[in-house]
Amino acid sequence: MGVLPFRGRRIEERNELARLLHGAKSGNASARNELIAMYIPFILRIAAQTARRYIDPKADDEYSICLSAFNEAIDRFQEGKAASFLTFAETVIRRRLIDFFRSQHQHRLKQLPWSEFDVIDDEDNVSNWAEVSSSLEVHQAEQEAAMRALEIEEYAHRLAAFDLSFHELIDISPKHEDARRNALACARAIASDAELLAFVERRRALPLKALEARVNVSRKTLERQRKYILAIVILLAGDFPLLKSFLMNAEGA
């Protein structure tokens, strides 16, 4: 007896979301404000998950960035080209936050005073410039590692939407170099084609018929490498510069 009311509420929520989203995209400011207010808890949850800490709406810049990203999602969302508005909005919010974190790290590195690395002797002479260079390299490596961790977390989140996992890639990766290169070529063909990419986002599957006509790979091979190709498509189509660079170097591409 309790299932039906719950399902009824979910249907009502979806209908209300669709109504407000349509109004907001049509220029209704009241509908937009109501939609944003309705999903403040959702926005804060995604912000906290991505930042890995509590986000204070009154004090943290991340909150305003997330609100702006949610607004962006409203404007950019196209019915039929994404799984759902909330899935699309979550992706936009996470990407904008990661962009913000990257900019903050780069800014801090540029603003880092040389004095932090000064080595001063008893006569107040600055020395040991090799150590200064080494310290900067360590700092850059730490910042890059932090950004790579953020990318891995976001990539794992995107993979999960396709019922894939980051660790699973090790098992599903083709063992032979030629097979990996063919899979990479297939993924590139999809990622560079808006229509094929929209199919993948919408159906969570490979456009096998269209892909077979564009690449020199058999249908049987495409089906066998389906998960791996999907994982690479997600990587190539996403905002993952460090992970992409690692992939390209690994494949010599």
# chains A, B, ... in the order shown; residues from 1 in each chain; ligands from 1
>>> residues_around(residues="Ser173 in chain A", least_positions_apart="4", cutoff="9 Å", atoms="only C-alpha atoms", output="list of chain:residue names")
A:Glu168, A:Leu169, A:Arg180, A:Gln225, A:Lys227, A:Tyr228
>>> residues_around(residues="Gly238 in chain A", least_positions_apart="6", cutoff="9 Å", atoms="only C-alpha atoms", output="VMD selection string")
chain A and resid 95 155 158
>>> atom_distance(atom1="CA of Asp61 in chain A", atom2="CA of Val92 in chain A")
16.3 Å
>>> closest_residue(among="A:Glu201, A:Glu154, A:Glu16, A:Glu195", to="Gln49 in chain A", atoms="only C-alpha atoms")
A:Glu154
>>> closest_residue(among="A:Leu243, A:Leu206, A:Leu97, A:Leu67", to="Arg226 in chain A", atoms="only C-alpha atoms")
A:Leu206
>>> closest_residue(among="A:His176, A:Arg53, A:Arg148, A:Arg204", to="Asp163 in chain A", atoms="only C-alpha atoms")
A:Arg204
>>> closest_residue(among="A:Ala51, A:Leu236, A:Ile152, A:Ile172", to="Ser192 in chain A", atoms="only C-alpha atoms")
A:Leu236
>>> closest_residue(among="A:Ala160, A:Val233, A:Asn216, A:Thr91", to="Asp193 in chain A", atoms="only C-alpha atoms")
A:Val233
>>> select_by_dssp(residues="range 199-233 of chain A", states="alpha helix (DSSP H)", output="list in words")
Phe199, Val200, Glu201, Arg202, Arg203, Leu208, Lys209, Ala210, Leu211, Glu212, Arg219, Lys220, Thr221, Leu222, Glu223, Arg224, Arg226, Lys227, Tyr228, Ile229, Leu230, Ala231, Ile232 and Val233 of chain A
>>> closest_residue(among="A:Thr50, A:Thr221, A:Asn15, A:Ser30", to="Arg94 in chain A", atoms="only C-alpha atoms")
A:Thr50
>>> atom_distance(atom1="CA of Ala89 in chain A", atom2="CA of Ile55 in chain A")
17.8 Å
>>> decode(residues="range 15-42 of chain A", atoms="N, CA and C atoms", output="PDB file, in the first residue's frame")
ATOM      1  N   ASN A  15       6.674  15.712 -12.909  1.00  0.00           N
ATOM      2  CA  ASN A  15       5.784  16.600 -13.652  1.00  0.00           C
ATOM      3  C   ASN A  15       6.033  18.065 -13.275  1.00  0.00           C
ATOM      4  N   GLU A  16       6.244  18.303 -11.967  1.00  0.00           N
ATOM      5  CA  GLU A  16       6.508  19.668 -11.513  1.00  0.00           C
ATOM      6  C   GLU A  16       7.844  20.163 -12.049  1.00  0.00           C
ATOM      7  N   LEU A  17       8.838  19.282 -12.058  1.00  0.00           N
ATOM      8  CA  LEU A  17      10.142  19.640 -12.619  1.00  0.00           C
ATOM      9  C   LEU A  17       9.997  20.001 -14.093  1.00  0.00           C
ATOM     10  N   ALA A  18       9.277  19.180 -14.841  1.00  0.00           N
ATOM     11  CA  ALA A  18       9.082  19.434 -16.273  1.00  0.00           C
ATOM     12  C   ALA A  18       8.362  20.758 -16.494  1.00  0.00           C
ATOM     13  N   ARG A  19       7.361  21.042 -15.660  1.00  0.00           N
ATOM     14  CA  ARG A  19       6.600  22.289 -15.806  1.00  0.00           C
ATOM     15  C   ARG A  19       7.474  23.512 -15.538  1.00  0.00           C
ATOM     16  N   LEU A  20       8.208  23.460 -14.435  1.00  0.00           N
ATOM     17  CA  LEU A  20       9.060  24.591 -14.077  1.00  0.00           C
ATOM     18  C   LEU A  20      10.214  24.760 -15.071  1.00  0.00           C
ATOM     19  N   LEU A  21      10.781  23.646 -15.518  1.00  0.00           N
ATOM     20  CA  LEU A  21      11.881  23.714 -16.479  1.00  0.00           C
ATOM     21  C   LEU A  21      11.410  24.341 -17.785  1.00  0.00           C
ATOM     22  N   HIS A  22      10.231  23.930 -18.249  1.00  0.00           N
ATOM     23  CA  HIS A  22       9.686  24.501 -19.475  1.00  0.00           C
ATOM     24  C   HIS A  22       9.459  26.008 -19.311  1.00  0.00           C
ATOM     25  N   GLY A  23       8.916  26.392 -18.157  1.00  0.00           N
ATOM     26  CA  GLY A  23       8.682  27.807 -17.911  1.00  0.00           C
ATOM     27  C   GLY A  23       9.972  28.604 -17.851  1.00  0.00           C
ATOM     28  N   ALA A  24      10.964  28.046 -17.155  1.00  0.00           N
ATOM     29  CA  ALA A  24      12.244  28.741 -17.025  1.00  0.00           C
ATOM     30  C   ALA A  24      12.929  28.926 -18.372  1.00  0.00           C
ATOM     31  N   LYS A  25      12.901  27.877 -19.207  1.00  0.00           N
ATOM     32  CA  LYS A  25      13.527  27.969 -20.524  1.00  0.00           C
ATOM     33  C   LYS A  25      12.760  28.911 -21.452  1.00  0.00           C
ATOM     34  N   SER A  26      11.484  29.149 -21.131  1.00  0.00           N
ATOM     35  CA  SER A  26      10.664  30.051 -21.946  1.00  0.00           C
ATOM     36  C   SER A  26      10.775  31.506 -21.492  1.00  0.00           C
ATOM     37  N   GLY A  27      11.590  31.744 -20.460  1.00  0.00           N
ATOM     38  CA  GLY A  27      11.807  33.118 -20.015  1.00  0.00           C
ATOM     39  C   GLY A  27      11.009  33.530 -18.794  1.00  0.00           C
ATOM     40  N   ASN A  28      10.351  32.573 -18.156  1.00  0.00           N
ATOM     41  CA  ASN A  28       9.563  32.871 -16.967  1.00  0.00           C
ATOM     42  C   ASN A  28      10.500  32.910 -15.752  1.00  0.00           C
ATOM     43  N   ALA A  29      10.798  34.134 -15.271  1.00  0.00           N
ATOM     44  CA  ALA A  29      11.736  34.292 -14.161  1.00  0.00           C
ATOM     45  C   ALA A  29      11.204  33.662 -12.882  1.00  0.00           C
ATOM     46  N   SER A  30       9.906  33.737 -12.667  1.00  0.00           N
ATOM     47  CA  SER A  30       9.303  33.157 -11.475  1.00  0.00           C
ATOM     48  C   SER A  30       9.478  31.636 -11.465  1.00  0.00           C
ATOM     49  N   ALA A  31       9.274  31.002 -12.621  1.00  0.00           N
ATOM     50  CA  ALA A  31       9.452  29.557 -12.727  1.00  0.00           C
ATOM     51  C   ALA A  31      10.908  29.175 -12.488  1.00  0.00           C
ATOM     52  N   ARG A  32      11.839  29.979 -13.016  1.00  0.00           N
ATOM     53  CA  ARG A  32      13.265  29.708 -12.826  1.00  0.00           C
ATOM     54  C   ARG A  32      13.635  29.785 -11.342  1.00  0.00           C
ATOM     55  N   ASN A  33      13.171  30.850 -10.674  1.00  0.00           N
ATOM     56  CA  ASN A  33      13.476  31.018  -9.249  1.00  0.00           C
ATOM     57  C   ASN A  33      12.877  29.882  -8.417  1.00  0.00           C
ATOM     58  N   GLU A  34      11.660  29.473  -8.765  1.00  0.00           N
ATOM     59  CA  GLU A  34      11.002  28.395  -8.039  1.00  0.00           C
ATOM     60  C   GLU A  34      11.745  27.077  -8.266  1.00  0.00           C
ATOM     61  N   LEU A  35      12.216  26.858  -9.495  1.00  0.00           N
ATOM     62  CA  LEU A  35      12.956  25.633  -9.811  1.00  0.00           C
ATOM     63  C   LEU A  35      14.269  25.584  -9.026  1.00  0.00           C
ATOM     64  N   ILE A  36      14.979  26.708  -8.991  1.00  0.00           N
ATOM     65  CA  ILE A  36      16.244  26.760  -8.251  1.00  0.00           C
ATOM     66  C   ILE A  36      16.008  26.515  -6.766  1.00  0.00           C
ATOM     67  N   ALA A  37      14.999  27.200  -6.204  1.00  0.00           N
ATOM     68  CA  ALA A  37      14.697  27.036  -4.778  1.00  0.00           C
ATOM     69  C   ALA A  37      14.334  25.595  -4.447  1.00  0.00           C
ATOM     70  N   MET A  38      13.620  24.952  -5.356  1.00  0.00           N
ATOM     71  CA  MET A  38      13.179  23.577  -5.157  1.00  0.00           C
ATOM     72  C   MET A  38      14.365  22.614  -5.078  1.00  0.00           C
ATOM     73  N   TYR A  39      15.463  22.948  -5.792  1.00  0.00           N
ATOM     74  CA  TYR A  39      16.598  22.021  -5.877  1.00  0.00           C
ATOM     75  C   TYR A  39      17.848  22.532  -5.167  1.00  0.00           C
ATOM     76  N   ILE A  40      17.693  23.461  -4.224  1.00  0.00           N
ATOM     77  CA  ILE A  40      18.830  23.905  -3.411  1.00  0.00           C
ATOM     78  C   ILE A  40      19.472  22.725  -2.674  1.00  0.00           C
ATOM     79  N   PRO A  41      18.696  21.842  -2.039  1.00  0.00           N
ATOM     80  CA  PRO A  41      19.336  20.682  -1.374  1.00  0.00           C
ATOM     81  C   PRO A  41      20.129  19.819  -2.346  1.00  0.00           C
ATOM     82  N   PHE A  42      19.606  19.621  -3.536  1.00  0.00           N
ATOM     83  CA  PHE A  42      20.299  18.854  -4.578  1.00  0.00           C
ATOM     84  C   PHE A  42      21.614  19.536  -4.938  1.00  0.00           C
TER      85      PHE A  42
END
